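Asks: coords38.cif is the file, holding mmCIF, C-alpha atoms and all ligand atoms:
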data_my_file
loop_
_atom_site.label_atom_id
_atom_site.label_comp_id
_atom_site.auth_asym_id
_atom_site.auth_seq_id
_atom_site.Cartn_x
_atom_site.Cartn_y
_atom_site.Cartn_z
CA MET J 1 14.45 -39.21 2.08
CA THR J 2 18.12 -39.22 1.07
CA GLU J 3 19.86 -40.19 -2.12
CA THR J 4 23.53 -41.15 -2.41
CA GLN J 5 25.55 -39.36 -5.04
CA PRO J 6 29.22 -38.66 -5.67
CA GLY J 7 30.53 -36.18 -3.12
CA GLY J 8 27.86 -36.74 -0.50
CA THR J 9 24.32 -37.71 0.31
CA ARG J 10 21.69 -35.66 -1.42
CA HIS J 11 18.95 -34.66 0.98
CA ALA J 12 15.62 -34.60 -0.72
CA ASP J 13 13.36 -33.74 2.17
CA GLY J 14 14.04 -31.90 5.36
CA PRO J 15 14.18 -29.83 7.34
CA PHE J 16 17.64 -30.51 8.74
CA LEU J 17 19.68 -29.31 11.67
CA MET J 18 23.08 -27.76 11.13
CA ASP J 19 25.47 -26.78 13.91
CA VAL J 20 26.92 -23.27 13.75
CA THR J 21 30.39 -24.76 13.21
CA ALA J 22 29.14 -26.23 9.92
CA LEU J 23 28.69 -22.74 8.46
CA SER J 24 32.39 -22.95 7.53
CA GLN J 25 31.74 -26.15 5.61
CA LEU J 26 28.75 -24.64 3.85
CA LEU J 27 30.77 -21.59 2.78
CA GLY J 28 33.68 -23.87 1.79
CA ALA J 29 31.37 -26.04 -0.33
CA LEU J 30 29.99 -22.96 -2.07
CA GLU J 31 33.49 -21.73 -2.79
CA ALA J 32 34.57 -25.15 -4.03
CA ALA J 33 31.59 -25.13 -6.39
CA GLY J 34 32.98 -21.94 -7.94
CA TYR J 35 30.84 -19.33 -6.22
CA GLN J 36 32.14 -16.03 -4.95
CA VAL J 37 30.55 -16.02 -1.49
CA ILE J 38 28.93 -12.72 -0.48
CA GLY J 39 27.37 -12.11 2.91
CA PRO J 40 26.96 -9.67 5.79
CA THR J 41 29.95 -8.48 7.77
CA VAL J 42 30.77 -5.57 10.08
CA SER J 43 32.66 -2.67 8.54
CA ASP J 44 32.67 1.08 9.22
CA ASP J 45 30.12 0.71 12.05
CA ALA J 46 27.55 -0.89 9.76
CA ILE J 47 26.58 -4.38 8.65
CA ILE J 48 27.44 -4.35 4.99
CA LEU J 49 27.56 -6.94 2.21
CA SER J 50 31.01 -8.08 1.20
CA GLU J 51 32.91 -11.08 -0.13
CA LEU J 52 33.40 -13.50 2.75
CA GLY J 53 36.77 -15.22 3.11
CA SER J 54 35.48 -17.31 6.02
CA ALA J 55 32.40 -17.82 8.18
CA ALA J 56 34.20 -15.97 11.00
CA GLN J 57 33.60 -12.73 9.09
CA LEU J 58 29.84 -12.99 9.61
CA PRO J 59 28.55 -10.44 12.15
CA PHE J 60 28.36 -12.82 15.14
CA GLY J 61 26.94 -10.99 18.15
CA TRP J 62 25.96 -7.84 16.28
CA GLY J 63 22.49 -6.38 15.92
CA VAL J 64 21.12 -3.07 14.70
CA GLU J 65 18.93 -0.25 15.96
CA LEU J 66 16.82 1.28 13.23
CA ALA J 67 14.79 4.48 13.21
CA PRO J 68 13.62 7.03 10.64
CA GLY J 69 16.87 8.64 9.53
CA GLY J 70 18.88 6.55 11.99
CA TYR J 71 21.02 3.39 11.91
CA ARG J 72 23.34 2.09 14.59
CA ILE J 73 24.94 -1.29 15.17
CA ARG J 74 24.81 -2.67 18.68
CA GLN J 75 26.38 -5.55 20.51
CA ARG J 76 23.81 -8.30 21.07
CA SER J 77 23.50 -10.31 24.24
CA ASP J 78 23.92 -13.51 22.18
CA THR J 79 26.20 -14.66 19.37
CA ALA J 80 23.63 -14.71 16.55
CA ALA J 81 25.22 -14.38 13.11
CA PHE J 82 22.08 -13.11 11.39
CA GLY J 83 20.45 -11.17 14.25
CA HIS J 84 20.21 -7.95 12.28
CA SER J 85 17.67 -6.51 9.86
CA ALA J 86 18.15 -5.24 6.33
CA GLY J 87 21.37 -3.21 6.11
CA PRO J 88 22.28 -0.14 4.09
CA GLN J 89 22.94 -2.16 0.96
CA SER J 90 20.77 -4.65 -0.84
CA TRP J 91 21.68 -7.47 -3.23
CA LYS J 92 20.64 -5.16 -6.07
CA GLN J 93 24.21 -3.87 -6.22
CA TYR J 94 25.39 -7.28 -7.45
CA LEU J 95 22.57 -8.05 -9.89
CA HIS J 96 21.92 -4.53 -11.19
CA PRO J 97 25.19 -2.67 -10.48
CA PRO J 98 25.21 1.07 -9.73
CA ARG J 99 27.60 1.67 -12.64
CA GLU J 100 28.12 -0.64 -15.57
CA LYS J 101 29.85 -0.33 -18.94
CA MET J 102 27.52 -1.09 -21.84
CA TRP J 103 29.94 -0.82 -24.77
CA SER J 104 33.03 0.99 -25.96
CA VAL J 105 34.10 2.25 -29.35
CA ASP J 106 37.58 2.72 -30.85
CA ARG J 107 38.46 4.68 -33.94
CA SER J 108 41.10 3.24 -36.18
CA GLY J 109 41.85 4.19 -39.77
CA GLY J 110 38.66 6.19 -40.14
CA GLU J 111 36.52 3.23 -39.00
CA PHE J 112 34.71 2.72 -35.68
CA ASP J 113 35.05 -0.57 -33.88
CA VAL J 114 32.22 -1.06 -31.38
CA VAL J 115 32.96 -3.56 -28.62
CA PRO J 116 30.02 -4.68 -26.44
CA ALA J 117 30.81 -5.13 -22.74
CA ASP J 118 30.05 -8.81 -22.50
CA GLU J 119 32.29 -10.02 -19.71
CA PRO J 120 31.13 -13.38 -18.39
CA ALA J 121 28.72 -13.09 -15.46
CA PRO J 122 30.27 -14.14 -12.13
CA ARG J 123 28.83 -17.05 -10.15
CA ARG J 124 27.89 -15.73 -6.75
CA ALA J 125 26.43 -17.21 -3.58
CA PHE J 126 24.35 -14.74 -1.59
CA VAL J 127 24.45 -15.82 2.05
CA GLY J 128 21.99 -14.30 4.53
CA VAL J 129 19.29 -13.03 2.16
CA ARG J 130 16.39 -11.72 4.25
CA PRO J 131 12.88 -12.73 3.09
CA CYS J 132 12.05 -9.13 2.08
CA ASP J 133 15.19 -9.03 -0.04
CA LEU J 134 14.39 -12.41 -1.59
CA SER J 135 11.06 -10.93 -2.69
CA ALA J 136 12.88 -7.86 -3.99
CA ILE J 137 15.10 -10.10 -6.13
CA GLY J 138 11.92 -11.75 -7.47
CA ILE J 139 10.53 -8.31 -8.35
CA GLN J 140 13.71 -7.28 -10.15
CA ASP J 141 13.69 -10.64 -11.98
CA GLN J 142 10.26 -9.70 -13.28
CA VAL J 143 11.35 -6.20 -14.35
CA LEU J 144 14.88 -6.78 -15.61
CA GLY J 145 15.24 -10.46 -16.33
CA ARG J 146 12.11 -11.77 -18.06
CA GLY J 147 10.16 -11.25 -21.28
CA GLU J 148 12.03 -8.91 -23.60
CA HIS J 149 14.84 -8.75 -21.01
CA ALA J 150 15.39 -12.51 -20.82
CA GLY J 151 18.78 -12.11 -22.53
CA SER J 152 19.87 -9.11 -20.43
CA ARG J 153 23.09 -8.78 -18.47
CA TYR J 154 20.87 -8.85 -15.36
CA ALA J 155 19.45 -12.23 -16.42
CA ALA J 156 22.95 -13.63 -17.02
CA ARG J 157 24.12 -12.51 -13.58
CA ARG J 158 20.96 -13.78 -11.92
CA ALA J 159 21.36 -17.22 -13.52
CA GLY J 160 24.68 -17.65 -11.70
CA VAL J 161 23.33 -16.91 -8.21
CA PHE J 162 22.90 -19.41 -5.37
CA ILE J 163 20.72 -18.11 -2.54
CA VAL J 164 21.02 -18.95 1.14
CA ALA J 165 18.09 -17.14 2.72
CA VAL J 166 17.68 -16.49 6.45
CA ASN J 167 14.22 -16.40 7.98
CA CYS J 168 13.70 -13.42 10.29
CA THR J 169 13.11 -14.00 13.98
CA GLU J 170 13.75 -10.43 15.11
CA PRO J 171 12.45 -7.67 12.84
CA GLY J 172 13.72 -4.11 13.06
CA ALA J 173 11.78 -1.04 14.15
CA THR J 174 11.31 0.08 10.55
CA CYS J 175 10.35 -3.32 9.08
CA PHE J 176 6.87 -4.05 7.70
CA CYS J 177 7.34 -7.15 5.54
CA THR J 178 4.35 -8.87 7.17
CA SER J 179 1.94 -6.30 5.76
CA MET J 180 3.51 -6.58 2.32
CA GLY J 181 3.31 -10.40 2.38
CA THR J 182 7.06 -10.79 1.89
CA GLY J 183 8.22 -12.08 5.29
CA PRO J 184 9.26 -12.88 7.94
CA GLU J 185 9.40 -16.38 6.40
CA ALA J 186 11.24 -16.70 3.11
CA GLY J 187 8.99 -17.35 0.15
CA PRO J 188 9.98 -19.24 -3.00
CA GLY J 189 13.27 -18.55 -4.76
CA TYR J 190 15.90 -19.72 -2.28
CA ASP J 191 18.21 -22.71 -2.63
CA LEU J 192 18.63 -23.10 1.12
CA ALA J 193 16.84 -21.29 3.94
CA LEU J 194 18.24 -21.07 7.46
CA THR J 195 16.43 -20.30 10.70
CA GLU J 196 18.89 -19.40 13.42
CA LEU J 197 18.37 -20.91 16.88
CA VAL J 198 20.72 -19.47 19.45
CA SER J 199 20.77 -19.80 23.23
CA ASP J 200 23.38 -19.69 26.01
CA THR J 201 24.19 -23.34 25.45
CA ASP J 202 23.40 -24.04 21.83
CA HIS J 203 23.76 -22.43 18.42
CA LYS J 204 22.33 -24.15 15.39
CA PHE J 205 20.25 -23.66 12.27
CA LEU J 206 17.16 -25.29 10.92
CA VAL J 207 17.81 -25.75 7.20
CA ASP J 208 15.10 -25.97 4.54
CA ILE J 209 15.93 -27.03 1.01
CA GLY J 210 14.41 -24.97 -1.79
CA SER J 211 15.97 -26.40 -4.94
CA PRO J 212 17.92 -29.40 -6.30
CA ALA J 213 21.05 -27.19 -6.23
CA GLY J 214 20.36 -26.54 -2.55
CA ALA J 215 20.04 -30.27 -1.89
CA ASP J 216 23.33 -30.90 -3.71
CA MET J 217 25.10 -28.24 -1.67
CA LEU J 218 23.73 -29.49 1.63
CA ALA J 219 25.07 -32.94 0.79
CA GLN J 220 28.56 -31.48 1.38
CA VAL J 221 27.66 -30.29 4.88
CA PRO J 222 27.18 -32.26 8.11
CA VAL J 223 23.47 -32.08 8.99
CA THR J 224 20.98 -34.30 10.77
CA PRO J 225 17.23 -34.59 10.25
CA ALA J 226 15.44 -32.08 12.47
CA GLY J 227 13.02 -33.41 15.06
CA ASP J 228 9.49 -32.08 15.41
CA GLY J 229 10.38 -30.21 18.62
CA THR J 230 13.22 -28.15 17.12
CA THR J 231 11.32 -27.59 13.90
CA GLY J 232 8.33 -26.32 15.87
CA LEU J 233 10.58 -24.02 17.90
CA ALA J 234 12.11 -22.50 14.78
CA ARG J 235 8.77 -22.11 13.00
CA SER J 236 7.16 -20.45 15.99
CA ALA J 237 10.11 -18.02 16.38
CA VAL J 238 9.48 -16.91 12.78
CA ALA J 239 5.71 -16.76 13.31
CA GLN J 240 6.21 -14.59 16.41
CA ALA J 241 8.39 -12.22 14.40
CA ALA J 242 5.34 -11.49 12.23
CA ASP J 243 3.70 -9.92 15.28
CA GLN J 244 6.75 -7.84 16.19
CA MET J 245 7.02 -5.68 13.08
CA GLY J 246 7.99 -2.12 13.85
CA ARG J 247 5.53 -0.77 11.28
CA SER J 248 2.60 -1.78 9.13
CA MET J 249 1.10 -0.80 5.82
CA PRO J 250 -2.49 -1.20 4.59
CA ALA J 251 -1.22 -3.17 1.56
CA ASP J 252 -4.66 -4.19 0.19
CA ALA J 253 -5.94 -0.67 -0.25
CA LEU J 254 -2.81 0.91 -1.67
CA HIS J 255 -3.47 0.66 -5.39
CA GLY J 256 -6.81 2.47 -5.13
CA LEU J 257 -5.48 4.96 -2.59
CA MET J 258 -2.58 5.95 -4.84
CA ALA J 259 -4.85 6.27 -7.87
CA GLY J 260 -7.24 8.52 -5.97
CA SER J 261 -4.63 10.72 -4.28
CA TYR J 262 -3.31 12.70 -7.23
CA ASP J 263 -4.53 16.02 -5.84
CA ALA J 264 -3.96 15.26 -2.14
CA ALA J 265 -2.74 18.14 0.03
CA ARG J 266 -0.30 15.75 1.75
CA TRP J 267 2.07 15.94 -1.24
CA ASP J 268 2.73 19.59 -0.36
CA ASP J 269 3.37 18.63 3.24
CA VAL J 270 5.94 15.95 2.37
CA ALA J 271 7.52 18.19 -0.27
CA GLN J 272 8.39 20.66 2.48
CA ARG J 273 10.47 17.97 4.20
CA CYS J 274 11.84 16.01 1.25
CA LEU J 275 15.31 17.05 0.05
CA THR J 276 14.83 15.15 -3.26
CA CYS J 277 18.24 13.62 -2.59
CA GLY J 278 17.17 10.23 -4.01
CA ASN J 279 18.68 8.23 -1.10
CA CYS J 280 15.44 6.29 -0.76
CA THR J 281 15.64 5.09 -4.36
CA MET J 282 19.32 4.16 -4.07
CA ALA J 283 18.73 2.14 -0.88
CA CYS J 284 15.54 0.52 -2.17
CA PRO J 285 16.11 -3.09 -3.30
CA THR J 286 13.49 -2.85 -6.07
CA CYS J 287 14.09 0.61 -7.61
CA PHE J 288 15.68 -0.01 -10.98
CA CYS J 289 15.81 3.28 -12.94
CA THR J 290 18.96 4.15 -14.81
CA THR J 291 20.47 6.75 -17.07
CA VAL J 292 23.39 6.57 -19.50
CA GLU J 293 26.60 8.53 -19.62
CA ASP J 294 29.03 8.74 -22.53
CA VAL J 295 32.71 9.36 -21.84
CA SER J 296 35.57 9.78 -24.26
CA ASP J 297 39.32 10.10 -23.88
CA LEU J 298 41.14 13.30 -24.73
CA SER J 299 42.42 11.96 -28.05
CA GLY J 300 38.92 11.30 -29.32
CA GLU J 301 39.99 7.78 -30.35
CA HIS J 302 38.13 5.91 -27.59
CA ALA J 303 34.65 6.38 -26.10
CA GLU J 304 32.48 4.38 -23.71
CA ARG J 305 28.82 4.26 -22.77
CA TRP J 306 28.01 3.55 -19.14
CA GLN J 307 24.72 2.79 -17.44
CA LEU J 308 24.25 4.37 -14.00
CA TRP J 309 21.53 4.18 -11.39
CA ASP J 310 19.26 7.19 -11.61
CA SER J 311 16.37 8.33 -9.50
CA CYS J 312 12.92 9.75 -10.15
CA PHE J 313 13.92 12.39 -7.61
CA SER J 314 16.46 13.94 -9.99
CA LEU J 315 15.30 16.75 -12.26
CA SER J 316 17.19 15.30 -15.21
CA PHE J 317 15.33 11.99 -14.92
CA SER J 318 12.12 13.46 -16.33
CA TYR J 319 13.78 15.95 -18.67
CA LEU J 320 12.08 16.09 -22.04
CA PRO J 321 12.68 18.70 -24.76
CA GLY J 322 11.68 21.94 -23.10
CA GLY J 323 12.43 20.97 -19.51
CA SER J 324 11.65 18.55 -16.72
CA ILE J 325 8.06 17.36 -16.59
CA ARG J 326 8.35 16.91 -12.82
CA SER J 327 9.92 20.16 -11.74
CA SER J 328 8.37 20.40 -8.25
CA ASP J 329 9.48 18.39 -5.19
CA HIS J 330 5.81 17.60 -4.69
CA SER J 331 5.49 15.92 -8.10
CA ARG J 332 8.71 13.92 -7.72
CA TYR J 333 7.81 12.46 -4.33
CA ARG J 334 4.30 11.71 -5.62
CA GLN J 335 5.77 9.96 -8.67
CA TRP J 336 7.97 7.77 -6.48
CA LEU J 337 5.29 6.74 -3.99
CA THR J 338 2.44 6.27 -6.45
CA HIS J 339 4.64 4.19 -8.75
CA LYS J 340 6.06 2.08 -5.94
CA LEU J 341 2.71 1.32 -4.31
CA GLY J 342 0.20 1.85 -7.11
CA THR J 343 1.09 1.71 -10.79
CA TRP J 344 3.79 -0.92 -10.20
CA HIS J 345 0.84 -3.33 -9.85
CA ASP J 346 -0.41 -2.34 -13.33
CA GLN J 347 3.04 -2.69 -14.89
CA PHE J 348 4.46 -5.74 -13.16
CA GLY J 349 1.61 -7.43 -11.30
CA SER J 350 2.87 -6.74 -7.77
CA SER J 351 3.73 -3.97 -5.38
CA GLY J 352 7.14 -2.36 -5.85
CA CYS J 353 7.63 -2.33 -2.08
CA VAL J 354 8.68 -5.32 -0.01
CA GLY J 355 8.61 -3.61 3.38
CA CYS J 356 12.35 -3.68 4.10
CA GLY J 357 12.22 -0.19 5.64
CA ARG J 358 15.51 0.99 4.07
CA CYS J 359 13.97 4.14 2.58
CA ILE J 360 12.85 5.14 6.09
CA VAL J 361 16.22 4.49 7.71
CA TRP J 362 18.36 6.08 5.01
CA CYS J 363 16.22 9.16 4.42
CA PRO J 364 18.30 11.98 5.92
CA VAL J 365 15.16 13.72 7.19
CA GLY J 366 13.42 10.52 8.30
CA ILE J 367 10.46 10.54 5.91
CA ASP J 368 8.52 7.35 6.57
CA LEU J 369 6.39 6.03 3.70
CA THR J 370 4.08 4.18 6.12
CA GLU J 371 3.32 7.51 7.79
CA GLU J 372 2.80 9.21 4.43
CA VAL J 373 0.38 6.47 3.38
CA ALA J 374 -1.50 6.75 6.68
CA ALA J 375 -1.79 10.52 6.15
CA LEU J 376 -3.00 10.06 2.57
CA GLN J 377 -5.49 7.50 3.78
CA ALA J 378 -6.76 9.86 6.48
CA GLU J 379 -7.08 12.65 3.92
CA ALA J 380 -8.96 10.36 1.51
CA ARG J 381 -11.33 9.27 4.30
CA GLN J 382 -11.95 12.86 5.29
CA ALA J 383 -12.65 13.79 1.67
CA GLU J 384 -15.02 10.80 1.39
CA ALA J 385 -16.80 11.80 4.57
CA GLN J 386 -17.14 15.40 3.36
CA GLN J 387 -18.43 14.19 0.01
CA ALA J 388 -20.94 11.89 1.70
CA GLU J 389 -22.05 14.77 3.93
CA ALA J 390 -22.45 17.07 0.93
CA GLN J 391 -24.42 14.41 -0.95
CA GLN J 392 -26.63 13.86 2.05
CA ALA J 393 -27.26 17.59 2.40
CA GLU J 394 -28.06 17.80 -1.31
CA ALA J 395 -30.45 14.85 -1.07
CA GLN J 396 -32.15 16.41 1.96
CA GLN J 397 -32.49 19.70 0.14
CA ALA J 398 -33.98 17.99 -2.92
CA GLU J 399 -36.37 16.06 -0.70
CA ALA J 400 -37.41 19.25 1.07
CA GLN J 401 -38.02 20.96 -2.26
CA GLN J 402 -40.08 18.00 -3.48
CA ALA J 403 -42.08 17.97 -0.26
CA GLY J 404 -42.62 21.71 -0.62
CA SER J 405 -43.90 21.31 -4.17
CA ARG J 406 -46.44 18.73 -2.95
CA THR J 407 -47.99 20.98 -0.24
CA PRO J 408 -51.57 22.27 -1.09
CA GLY J 409 -50.40 25.90 -1.06
CA ALA J 410 -47.57 25.18 -3.46
CA ARG J 411 -49.89 23.14 -5.71
CA ALA J 412 -52.48 25.89 -5.60
CA GLY J 413 -49.81 28.41 -6.45
CA GLY J 414 -48.78 26.21 -9.37
CA GLU J 415 -52.42 25.86 -10.52
CA GLN J 416 -52.86 29.61 -10.45
CA GLN J 417 -50.10 30.13 -12.98
S1 LIG R 1 12.16 10.94 0.76
FE1 LIG R 1 14.05 11.25 1.96
S2 LIG R 1 15.58 9.96 0.96
FE2 LIG R 1 13.87 10.18 -0.48
S3 LIG R 1 14.43 11.93 -1.77
FE3 LIG R 1 13.20 12.75 -0.07
S4 LIG R 1 14.70 13.34 1.49
FE4 LIG R 1 15.79 12.01 0.06
S1 LIG R 2 10.00 1.43 -0.82
FE1 LIG R 2 11.20 1.50 1.07
S2 LIG R 2 10.38 -0.16 2.35
FE2 LIG R 2 9.63 -0.49 0.27
S3 LIG R 2 11.12 -1.91 -0.66
FE3 LIG R 2 11.82 0.18 -1.17
S4 LIG R 2 13.23 0.73 0.46
FE4 LIG R 2 12.10 -1.05 1.18
#
Please express the file's structure as structure tokens.
Ligand code: SF4
Ligand code: SF4

Replies:
Amino acid sequence: MTETQPGGTRHADGPFLMDVTALSQLLGALEAAGYQVIGPTVSDDAIILSELGSAAQLPFGWGVELAPGGYRIRQRSDTAAFGHSAGPQSWKQYLHPPREKMWSVDRSGGEFDVVPADEPAPRRAFVGVRPCDLSAIGIQDQVLGRGEHAGSRYAARRAGVFIVAVNCTEPGATCFCTSMGTGPEAGPGYDLALTELVSDTDHKFLVDIGSPAGADMLAQVPVTPAGDGTTGLARSAVAQAADQMGRSMPADALHGLMAGSYDAARWDDVAQRCLTCGNCTMACPTCFCTTVEDVSDLSGEHAERWQLWDSCFSLSFSYLPGGSIRSSDHSRYRQWLTHKLGTWHDQFGSSGCVGCGRCIVWCPVGIDLTEEVAALQAEARQAEAQQAEAQQAEAQQAEAQQAGSRTPGARAGGEQQ
């Protein structure tokens, strides 16, 4: 169904087909609507997020090779623009910046003038949001933008965001969104979702509309209704990606596993490898912890308070009067993993992990949380088996004692007393 409106024809249904050449028009329409367009581009041998001046800056023909502690871009055999997995940065840097001024204060005539940092939030279009990252934005919305935080700076920035998601057809070796239920197909929250279809002779996108704003934007772009054949092709490419994940996680059992693993020996094992550098928390699209820093000028007339990303891996993060309550590497890694996969559910109603794999790739020593979970699970099973064995032995012993007490000799002995 379509609806005519000033500036174009509003598409109410879909999906639609868009030629690769129309990406320029889509980006132009977003810019004309007042959005700063942000998307992936190649820089410094990585696919990073940056303001896009034109569609030509997208990483056409570039893919990535991912491994624990390893990231490398590679030339693809096709010209796909979105044929790469989650990169070093996430969209978190735009919605929840690494460093942000909260307020400043000036002294004049013995009085203090406090000025809140309330610059207007920019309107931004995020182009190329992977499904895992779309889920991560949803998780940060829940933590930083709702309830008592509904009036936060995060919420103001989030309100100005237009999202063009891209369904994944080629997951990376460290991806496990399927097990976390966050991909490879984009869930709710996008304005437009693209599925890239590229071959030697053709390069186009299947476009799904996710919001009225998405329908309005698509009205500015040349598209045609997609036929069943192309739609089926695109949907099955995404469905196949679900079976090609580089890793998996037993998502259902995680809450209980984390709750029962407080004393696991595996924490000592991982602590021997972990550098407590905090890279995993910086790269993670859902980690949100911060600290504050006060700075003043040399005259003492001007001071500022800044909010900075912090990490549960830093000693200062858990510093209370008397010292840090998590002084061992063991306790800091345990805090991170058990919060992310366990107590996050209790606090926010979901997992804190979306399976993007960034913490695996950007860990300098290649610690892989899926491996750590598998090891914890194996340890828990072994402990369960040992407990069951001990219980069985105890029951057998009790039974033997009972049987012994029922034998005539034993009874006679008892009667003699
Ligand atoms: S798990 Fe890896 S990235 Fe995270 S703190 Fe330890 S060494 Fe750093
Ligand atoms: S914990 Fe690791 S895999 Fe999970 S969302 Fe964070 S960075 Fe991605």

Asks: Give me, as a PDB file with C-alpha atoms, keeping the file's coordinate frame, all polymer residues having an atom no more than 12 Å from Tyr71 (chain J), counting all atoms listed in the file and skipping those fewer than 4 positions away in the same chain.

Replies:
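Produced file selection-v3.pdb, reproduced below:
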ATOM      1  CA  ASP J  45      30.120   0.710  12.050  1.00  0.00           C
ATOM      2  CA  ALA J  46      27.550  -0.890   9.760  1.00  0.00           C
ATOM      3  CA  ILE J  47      26.580  -4.380   8.650  1.00  0.00           C
ATOM      4  CA  GLY J  63      22.490  -6.380  15.920  1.00  0.00           C
ATOM      5  CA  VAL J  64      21.120  -3.070  14.700  1.00  0.00           C
ATOM      6  CA  GLU J  65      18.930  -0.250  15.960  1.00  0.00           C
ATOM      7  CA  LEU J  66      16.820   1.280  13.230  1.00  0.00           C
ATOM      8  CA  ALA J  67      14.790   4.480  13.210  1.00  0.00           C
ATOM      9  CA  HIS J  84      20.210  -7.950  12.280  1.00  0.00           C
ATOM     10  CA  SER J  85      17.670  -6.510   9.860  1.00  0.00           C
ATOM     11  CA  ALA J  86      18.150  -5.240   6.330  1.00  0.00           C
ATOM     12  CA  GLY J  87      21.370  -3.210   6.110  1.00  0.00           C
ATOM     13  CA  PRO J  88      22.280  -0.140   4.090  1.00  0.00           C
ATOM     14  CA  GLY J 172      13.720  -4.110  13.060  1.00  0.00           C
ATOM     15  CA  ALA J 173      11.780  -1.040  14.150  1.00  0.00           C
ATOM     16  CA  THR J 174      11.310   0.080  10.550  1.00  0.00           C
ATOM     17  CA  GLY J 357      12.220  -0.190   5.640  1.00  0.00           C
ATOM     18  CA  ARG J 358      15.510   0.990   4.070  1.00  0.00           C
ATOM     19  CA  CYS J 359      13.970   4.140   2.580  1.00  0.00           C
ATOM     20  CA  ILE J 360      12.850   5.140   6.090  1.00  0.00           C
ATOM     21  CA  VAL J 361      16.220   4.490   7.710  1.00  0.00           C
ATOM     22  CA  TRP J 362      18.360   6.080   5.010  1.00  0.00           C
ATOM     23  CA  CYS J 363      16.220   9.160   4.420  1.00  0.00           C
ATOM     24  CA  PRO J 364      18.300  11.980   5.920  1.00  0.00           C
ATOM     25  CA  GLY J 366      13.420  10.520   8.300  1.00  0.00           C
TER      26      GLY J 366
END

Asks: Which neighbours of Thr370 (chain J) fall inside 8 Å, counting all atoms listed in the file, when residues of the same chain fewer than 3 positions from it are skipped, and could you give them as a count of residues only?

Replies: 5

Asks: Would you be able to write out as an NGL selection string which residues have an atom within 10 Å of (19.0, -0.6, -11.8) in the file's coordinates, counting all atoms listed in the file?

Replies: :J and (92-93 or 95-100 or 140 or 143-144 or 154 or 281-282 or 285-291 or 307-311)

Asks: Those same residues - C-alpha atoms - I'd like them written as a compact mmCIF listing (two decimals), in the coordinates of the input.

Replies:
# COMPACT_ATOMS: atom_id res chain seq x y z
CA LYS J 92 20.64 -5.16 -6.07
CA GLN J 93 24.21 -3.87 -6.22
CA LEU J 95 22.57 -8.05 -9.89
CA HIS J 96 21.92 -4.53 -11.19
CA PRO J 97 25.19 -2.67 -10.48
CA PRO J 98 25.21 1.07 -9.73
CA ARG J 99 27.60 1.67 -12.64
CA GLU J 100 28.12 -0.64 -15.57
CA GLN J 140 13.71 -7.28 -10.15
CA VAL J 143 11.35 -6.20 -14.35
CA LEU J 144 14.88 -6.78 -15.61
CA TYR J 154 20.87 -8.85 -15.36
CA THR J 281 15.64 5.09 -4.36
CA MET J 282 19.32 4.16 -4.07
CA PRO J 285 16.11 -3.09 -3.30
CA THR J 286 13.49 -2.85 -6.07
CA CYS J 287 14.09 0.61 -7.61
CA PHE J 288 15.68 -0.01 -10.98
CA CYS J 289 15.81 3.28 -12.94
CA THR J 290 18.96 4.15 -14.81
CA THR J 291 20.47 6.75 -17.07
CA GLN J 307 24.72 2.79 -17.44
CA LEU J 308 24.25 4.37 -14.00
CA TRP J 309 21.53 4.18 -11.39
CA ASP J 310 19.26 7.19 -11.61
CA SER J 311 16.37 8.33 -9.50

Asks: Which one of J:Ile367, J:Leu320, J:Ala117, J:Ala136 sits closest to ligand LIG 1 (chain R) if you count only C-alpha atoms and all ligand atoms?

Replies: J:Ile367

Asks: So the first atom is CA of Pro59 (chain J) and the second is CA of Pro40 (chain J); what is the distance between them in Å, to one decimal place?

Replies: 6.6 Å

Asks: Which value, in Å to one decimal, gives the distance between CA of Ile73 (chain J) and CA of Tyr35 (chain J)?

Replies: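 Straight-line distance from CA of Ile73 (chain J) to CA of Tyr35 (chain J) works out to 28.6 Å.
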
Asks: Taking only C-alpha atoms and all ligand atoms into account, list the residues no farther than 6 Å from ligand LIG 1 (chain R), as JSON, numbers by chain.

Replies: {"J": [274, 275, 276, 277, 278, 279, 280, 313, 363, 364, 365, 367]}

Asks: Measuring atom to atom with only C-alpha atoms and all ligand atoms, identify which of J:Ser351, J:Ser54, J:Gln220, J:Gln391 is nearest to ligand LIG 2 (chain R).

Replies: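 When distances to ligand LIG 2 (chain R) are compared using only C-alpha atoms and all ligand atoms, the smallest one comes from J:Ser351.
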
Asks: Up to 10 Å from (6.4, -3.8, -7.7) in the file's coordinates: name the residues, counting only C-alpha atoms, as a list in words.

Replies: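 Those within range, by chain then number, are Ser135, Ala136, Gly138, Ile139, Gln140, Gln142, Val143, Thr286, Cys287, His339, Lys340, Leu341, Gly342, Thr343, Trp344, His345, Asp346, Gln347, Phe348, Gly349, Ser350, Ser351, Gly352, Cys353 and Val354 of chain J.
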
Asks: Take CA of Ala56 (chain J) and CA of Pro15 (chain J) and report the distance between them in Å, one decimal.

Replies: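 Answer for the CA of Ala56 (chain J) to CA of Pro15 (chain J) separation: 24.6 Å.
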
Asks: What are the centre and edge lengths in Å, to one decimal, of the axis-aligned box around all listed atoms of ligand LIG 2 (chain R) with 8 Å added on each side, as lines of an AutoDock Vina configuration file?

Replies:
center_x = 11.4
center_y = -0.2
center_z = 0.6
size_x = 19.6
size_y = 19.4
size_z = 19.5
